[in-house]
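For reference, run-v8.cif is printed below; it contains mmCIF, C-alpha atoms.
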```cif
data_target
#
loop_
_atom_site.label_atom_id
_atom_site.label_comp_id
_atom_site.auth_asym_id
_atom_site.auth_seq_id
_atom_site.Cartn_x
_atom_site.Cartn_y
_atom_site.Cartn_z
CA LYS A 18 9.71 11.99 25.79
CA TRP A 19 10.60 8.80 27.63
CA ALA A 20 13.26 6.12 27.68
CA ASN A 21 13.59 2.89 29.63
CA SER A 22 16.50 3.00 32.08
CA GLU A 23 18.60 0.02 33.17
CA ASN A 24 16.60 -0.48 36.40
CA GLY A 25 13.30 -0.59 34.55
CA ASN A 26 12.18 2.92 35.45
CA TRP A 27 11.08 5.38 32.78
CA SER A 28 13.04 8.58 32.25
CA VAL A 29 13.28 11.47 29.81
CA GLY A 30 14.89 10.42 26.52
CA CYS A 31 13.46 9.36 23.17
CA THR A 32 10.33 10.73 21.51
CA VAL A 33 7.19 8.62 21.91
CA PRO A 34 5.14 8.20 18.68
CA SER A 35 1.87 10.11 18.40
CA PRO A 36 -1.05 8.28 20.05
CA HIS A 37 -2.97 8.79 16.80
CA ARG A 38 -0.58 7.14 14.37
CA GLN A 39 2.92 5.89 13.75
CA GLN A 40 5.60 8.41 12.99
CA TYR A 41 7.32 8.39 9.60
CA LEU A 42 10.85 8.07 8.28
CA ASP A 43 12.31 10.30 5.59
CA LEU A 44 13.25 8.29 2.51
CA GLY A 45 15.91 8.99 -0.10
CA GLU A 46 15.53 7.93 -3.73
CA GLN A 47 17.16 4.52 -3.25
CA ALA A 48 14.97 3.62 -0.27
CA HIS A 49 11.89 4.89 -2.09
CA PHE A 50 12.72 2.80 -5.16
CA ASP A 51 13.41 -0.31 -3.07
CA LEU A 52 10.17 0.02 -1.12
CA LEU A 53 8.10 0.46 -4.27
CA HIS A 54 9.90 -1.85 -6.70
CA GLY A 55 12.06 -4.14 -4.57
CA SER A 56 9.67 -7.10 -4.70
CA HIS A 57 9.54 -7.64 -8.47
CA ARG A 58 11.86 -7.89 -11.48
CA ALA A 59 9.66 -6.37 -14.20
CA ASP A 60 10.69 -3.44 -16.39
CA ILE A 61 10.25 0.10 -15.06
CA ALA A 62 9.57 3.31 -16.99
CA LEU A 63 11.40 6.58 -16.38
CA ALA A 64 10.62 9.91 -18.03
CA THR A 65 11.54 13.57 -18.12
CA LYS A 66 9.47 16.54 -19.22
CA GLY A 67 11.37 19.44 -20.77
CA ALA A 68 10.68 20.87 -24.19
CA LYS A 69 9.13 17.46 -24.90
CA TRP A 70 8.26 14.28 -23.05
CA ILE A 71 11.09 11.72 -23.14
CA GLU A 72 10.41 8.23 -21.80
CA LYS A 73 12.13 4.86 -21.77
CA SER A 74 11.54 1.51 -20.08
CA TYR A 75 14.52 -0.16 -18.42
CA ALA A 76 15.26 -3.58 -17.01
CA HIS A 77 14.79 -3.52 -13.24
CA ASP A 78 18.38 -3.07 -12.06
CA ALA A 79 19.22 -0.56 -14.79
CA ALA A 80 16.10 1.44 -13.85
CA ALA A 81 17.27 1.65 -10.25
CA ALA A 82 20.63 3.10 -11.33
CA VAL A 83 19.06 5.57 -13.77
CA ALA A 84 16.45 6.74 -11.26
CA PHE A 85 19.15 7.39 -8.69
CA ALA A 86 21.19 9.35 -11.25
CA MET A 87 18.15 11.53 -12.00
CA GLN A 88 18.14 13.10 -8.53
CA GLY A 89 18.37 16.85 -8.91
CA TRP A 90 16.89 16.79 -12.41
CA ALA A 91 13.81 18.88 -13.12
CA ASP A 92 10.45 17.22 -13.78
CA SER A 93 11.55 13.57 -13.76
CA TYR A 94 9.14 10.67 -13.34
CA LEU A 95 9.03 7.01 -12.27
CA SER A 96 6.34 4.44 -13.08
CA GLN A 97 4.47 3.15 -10.06
CA ASN A 98 4.18 -0.38 -11.45
CA GLY A 99 6.35 -2.79 -13.41
CA PHE A 100 5.80 -3.71 -17.06
CA ALA A 101 6.69 -6.29 -19.68
CA GLY A 102 8.43 -3.86 -22.01
CA ARG A 103 6.94 -0.44 -22.71
CA ARG A 104 4.66 1.25 -20.18
CA GLY A 105 0.97 0.66 -20.85
CA ILE A 106 -2.14 -0.81 -19.26
CA GLU A 107 -1.86 -3.89 -21.48
CA THR A 108 1.77 -4.53 -20.47
CA VAL A 109 1.39 -4.21 -16.67
CA ALA A 110 3.27 -7.13 -15.13
CA ALA A 111 3.73 -6.15 -11.46
CA ILE A 112 1.18 -4.03 -9.61
CA THR A 113 3.06 -2.66 -6.63
CA SER A 114 0.61 -0.38 -4.86
CA CYS A 115 -2.59 1.61 -4.70
CA PHE A 116 -2.10 5.37 -4.82
CA ALA A 117 -3.63 8.82 -5.14
CA ASP A 118 -2.32 12.12 -6.47
CA LEU A 119 -3.51 14.80 -4.05
CA ASP A 120 -3.67 18.28 -5.55
CA VAL A 121 -4.25 19.99 -2.20
CA TYR A 122 -3.46 23.36 -3.76
CA ASN A 123 -6.80 23.15 -5.56
CA ILE A 124 -8.72 22.93 -2.27
CA PRO A 125 -9.40 26.22 -0.42
CA GLY A 126 -7.58 26.27 2.90
CA LEU A 127 -5.31 23.31 2.16
CA SER A 128 -2.51 25.09 0.33
CA GLY A 129 0.70 24.75 2.34
CA LEU A 130 -0.49 21.64 4.17
CA THR A 131 2.33 19.66 5.81
CA VAL A 132 2.72 15.86 5.77
CA ASP A 133 1.58 15.75 9.41
CA GLY A 134 -1.41 17.93 8.61
CA LEU A 135 -2.35 15.79 5.62
CA LEU A 136 -2.17 12.49 7.49
CA ASP A 137 -4.09 13.94 10.45
CA ARG A 138 -6.80 15.19 8.09
CA ILE A 139 -7.09 11.87 6.24
CA GLN A 140 -7.22 9.90 9.47
CA ALA A 141 -9.83 12.19 11.04
CA ALA A 142 -12.11 12.05 8.00
CA HIS A 143 -11.57 8.38 7.10
CA HIS A 144 -10.60 6.59 10.32
CA TRP A 145 -11.25 3.18 8.73
CA LEU A 146 -8.69 3.79 5.98
CA PRO A 147 -5.19 2.37 6.62
CA LEU A 148 -2.52 5.03 6.62
CA PRO A 149 -0.47 5.15 3.40
CA THR A 150 2.86 3.35 3.36
CA MET A 151 4.42 6.41 1.74
CA THR A 152 3.59 10.08 1.50
CA ILE A 153 5.53 11.92 -1.19
CA SER A 154 5.70 15.72 -1.20
CA SER A 155 5.66 16.45 -4.93
CA GLY A 156 6.60 20.11 -4.75
CA ARG A 157 3.04 21.45 -4.71
CA GLY A 158 0.86 18.56 -3.56
CA PHE A 159 1.27 14.98 -2.38
CA TYR A 160 1.25 11.42 -3.63
CA VAL A 161 0.08 8.77 -1.17
CA SER A 162 0.83 5.09 -1.79
CA TRP A 163 -0.29 1.88 -0.13
CA VAL A 164 2.47 -0.56 -1.10
CA LEU A 165 1.33 -4.17 -1.38
CA ARG A 166 3.17 -6.93 0.48
CA SER A 167 3.58 -8.76 -2.83
CA PRO A 168 3.03 -7.31 -6.33
CA LEU A 169 -0.09 -8.41 -8.18
CA SER A 170 0.01 -9.92 -11.66
CA HIS A 171 -1.82 -8.54 -14.70
CA ASP A 172 -4.81 -10.83 -14.19
CA ARG A 173 -5.61 -9.05 -10.92
CA LEU A 174 -5.85 -5.68 -12.68
CA PRO A 175 -9.69 -5.47 -12.65
CA HIS A 176 -9.81 -6.07 -8.88
CA TRP A 177 -7.01 -3.57 -8.29
CA GLN A 178 -8.74 -0.98 -10.47
CA ALA A 179 -11.97 -1.29 -8.47
CA VAL A 180 -10.09 -0.59 -5.24
CA GLN A 181 -8.14 2.20 -6.90
CA ASN A 182 -11.30 3.90 -8.18
CA ALA A 183 -12.91 3.77 -4.73
CA LEU A 184 -9.78 5.06 -3.01
CA VAL A 185 -9.43 8.06 -5.31
CA ALA A 186 -13.13 8.89 -4.88
CA VAL A 187 -12.87 8.75 -1.09
CA LEU A 188 -9.89 11.14 -1.07
CA ALA A 189 -11.60 13.79 -3.20
CA ASP A 190 -11.84 15.94 -0.05
CA VAL A 191 -8.04 16.32 -0.10
CA GLY A 192 -7.79 16.98 -3.82
CA ALA A 193 -7.42 13.48 -5.27
CA ASP A 194 -6.96 13.74 -9.04
CA LEU A 195 -9.69 11.63 -10.64
CA GLN A 196 -7.54 11.18 -13.75
CA ALA A 197 -4.58 9.72 -11.83
CA ARG A 198 -5.91 6.27 -11.10
CA ASP A 199 -4.59 4.05 -13.89
CA ALA A 200 -1.99 1.30 -13.57
CA ALA A 201 0.35 3.00 -16.04
CA ARG A 202 0.69 6.13 -13.89
CA VAL A 203 4.04 7.85 -13.36
CA PHE A 204 4.86 10.14 -10.41
CA ARG A 205 7.78 12.45 -9.77
CA ILE A 206 11.06 10.86 -8.68
CA VAL A 207 12.15 11.49 -5.11
CA GLY A 208 15.12 13.86 -5.20
CA SER A 209 14.04 15.50 -8.47
CA VAL A 210 12.85 19.11 -8.67
CA ASN A 211 9.37 20.37 -9.45
CA SER A 212 9.99 23.25 -11.86
CA LYS A 213 6.61 24.82 -11.07
CA SER A 214 7.58 25.43 -7.44
CA GLY A 215 11.36 24.95 -7.37
CA GLU A 216 10.87 22.42 -4.55
CA THR A 217 12.69 19.09 -4.27
CA VAL A 218 10.46 16.01 -4.16
CA THR A 219 10.73 14.20 -0.81
CA ALA A 220 9.23 10.98 0.58
CA GLN A 221 8.21 9.74 3.99
CA GLN A 222 7.45 6.15 5.01
CA THR A 223 4.83 5.56 7.69
#
```
Can you turn what I pasted into structure tokens?
Amino acid sequence: KWANSENGNWSVGCTVPSPHRQQYLDLGEQAHFDLLHGSHRADIALATKGAKWIEKSYAHDAAAAVAFAMQGWADSYLSQNGFAGRRGIETVAAITSCFADLDVYNIPGLSGLTVDGLLDRIQAAHHWLPLPTMTISSGRGFYVSWVLRSPLSHDRLPHWQAVQNALVAVLADVGADLQARDAARVFRIVGSVNSKSGETVTAQQT
């Protein structure tokens, strides 16, 4: 712990980031939404899963308000990309990120892994891989997302999918779900509750 004093000498004070990686910031739902969807104006899908699956696509600003209102709800979901109308591969209009759904609870010895433990493990095994922009604790596992500087249009979908497929394959050692690699994917909303564990979904930005 060090801080720079007025005379230029170093003294005890703030926490220095880990020499292995940047530290992360805890994100609320609004900050999570802005980081993921703040660079486009396409429609966004929101869904809940109770007795049945209920889903609707909203105009961008309306989606932000609805997603924020869904904090505290059980089993609520947000699309990772933007669409021209209803959610579907054919309607993808703004590709925001690459991502992986990490079911660490399916890997012996990884149940109960913390965010720090997960990022350390990924970095040790795949030192060439950039750290994810966001790590979301989903209540049992994790979602990791690499948010793009600018969203990609639909015509870039084949290139994105190739990267996405490779990324999910690489992260199989931390439980990457091979089915969760399509551009129409939804993940749990930050601030919602995972009914399987009773845990609130949280997000961290590296």
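Comparing A:Ser93, A:Ser155, A:Ser214, A:Ser209 by their smallest distance to Val121 of chain A, the closest is A:Ser155 (using only C-alpha atoms).
For the choices A:Gly99, A:Pro168, A:Gly156, A:Gly208, the atom-to-atom distance to Ser128 of chain A is smallest for A:Gly156 when using all atoms listed in the file.
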Practice problem: For Pro147 of chain A, list every protein, DNA or RNA residue within 12 Å, evaluated using only C-alpha atoms, and leave out those in the same chain fewer than 6 positions away; present the list as a list in words. | Solution: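 The contact residues come out as Arg38, Gln39, Cys115, Leu136, Ile139, Gln140, Ala141, Val161, Ser162, Trp163, Val164, Leu184 and Thr223 of chain A.
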Restricting it to C-alpha atoms, dump the selection as a PDB file, in the coordinates of the input.
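After the write, part-v7.pdb holds the following:
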```
ATOM      1  CA  ARG A  38      -0.580   7.140  14.370  1.00  0.00           C
ATOM      2  CA  GLN A  39       2.920   5.890  13.750  1.00  0.00           C
ATOM      3  CA  CYS A 115      -2.590   1.610  -4.700  1.00  0.00           C
ATOM      4  CA  LEU A 136      -2.170  12.490   7.490  1.00  0.00           C
ATOM      5  CA  ILE A 139      -7.090  11.870   6.240  1.00  0.00           C
ATOM      6  CA  GLN A 140      -7.220   9.900   9.470  1.00  0.00           C
ATOM      7  CA  ALA A 141      -9.830  12.190  11.040  1.00  0.00           C
ATOM      8  CA  VAL A 161       0.080   8.770  -1.170  1.00  0.00           C
ATOM      9  CA  SER A 162       0.830   5.090  -1.790  1.00  0.00           C
ATOM     10  CA  TRP A 163      -0.290   1.880  -0.130  1.00  0.00           C
ATOM     11  CA  VAL A 164       2.470  -0.560  -1.100  1.00  0.00           C
ATOM     12  CA  LEU A 184      -9.780   5.060  -3.010  1.00  0.00           C
ATOM     13  CA  THR A 223       4.830   5.560   7.690  1.00  0.00           C
TER      14      THR A 223
END
```
Quiz item: Do you have the atom CA of Ala84 of chain A-atom CA of Ile71 of chain A distance handy?
Solution: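 Taking atom CA of Ala84 of chain A as the start and atom CA of Ile71 of chain A as the end point, the length is 14.0 Å.
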Quiz prompt | For Ala64 of chain A: contacts at 8 Å, all atoms listed in the file, fewer than 4 positions along chain excluded, given as a PyMOL selection string | solution = chain A and resi 70-73+93-95
Quiz item: What do you get, as a PyMOL selection string, if you spell out every residue that the PyMOL selection byres ((chain A and resi 171) around 7) selects here?
Solution: chain A and resi 109-111+169-170+172-174
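With all atoms listed in the file as the atoms that count, the minimum distance from Phe85 of chain A to the choices A:Val207, A:Arg202, A:Gly192, A:Leu146 is reached by A:Val207.
Among the candidate residues A:Ser56, A:Thr150, A:Gln47, A:His144, the one lying nearest to Ala86 of chain A is A:Gln47, with distances computed using only C-alpha atoms.
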Practice problem: Find the residue from A:Asp190, A:Asp137, A:Asp51, A:Asp43 that sits nearest to Leu119 of chain A; use all atoms listed in the file when measuring. | Solution: A:Asp190
Quiz item: Do you know which residues the PyMOL selection byres ((chain A and resi 97) around 8) returns on this file, as a PyMOL selection string?
Solution: chain A and resi 53+95-96+98-99+112-114+200-204
Generate a file of the selected residues that holds C-alpha atoms, formatted as an mmCIF file, in the frame of the given file.
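In the end it all went to out24.cif:
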```
data_model
loop_
_atom_site.group_PDB
_atom_site.id
_atom_site.type_symbol
_atom_site.label_atom_id
_atom_site.label_comp_id
_atom_site.auth_asym_id
_atom_site.auth_seq_id
_atom_site.Cartn_x
_atom_site.Cartn_y
_atom_site.Cartn_z
ATOM 1 C CA LEU A 53 8.100 0.460 -4.270
ATOM 2 C CA LEU A 95 9.030 7.010 -12.270
ATOM 3 C CA SER A 96 6.340 4.440 -13.080
ATOM 4 C CA ASN A 98 4.180 -0.380 -11.450
ATOM 5 C CA GLY A 99 6.350 -2.790 -13.410
ATOM 6 C CA ILE A 112 1.180 -4.030 -9.610
ATOM 7 C CA THR A 113 3.060 -2.660 -6.630
ATOM 8 C CA SER A 114 0.610 -0.380 -4.860
ATOM 9 C CA ALA A 200 -1.990 1.300 -13.570
ATOM 10 C CA ALA A 201 0.350 3.000 -16.040
ATOM 11 C CA ARG A 202 0.690 6.130 -13.890
ATOM 12 C CA VAL A 203 4.040 7.850 -13.360
ATOM 13 C CA PHE A 204 4.860 10.140 -10.410
#
```
Quiz prompt | Atom-to-atom span, atom CA of Ile153 of chain A and atom CA of Glu46 of chain A, Å | solution = 11.1 Å
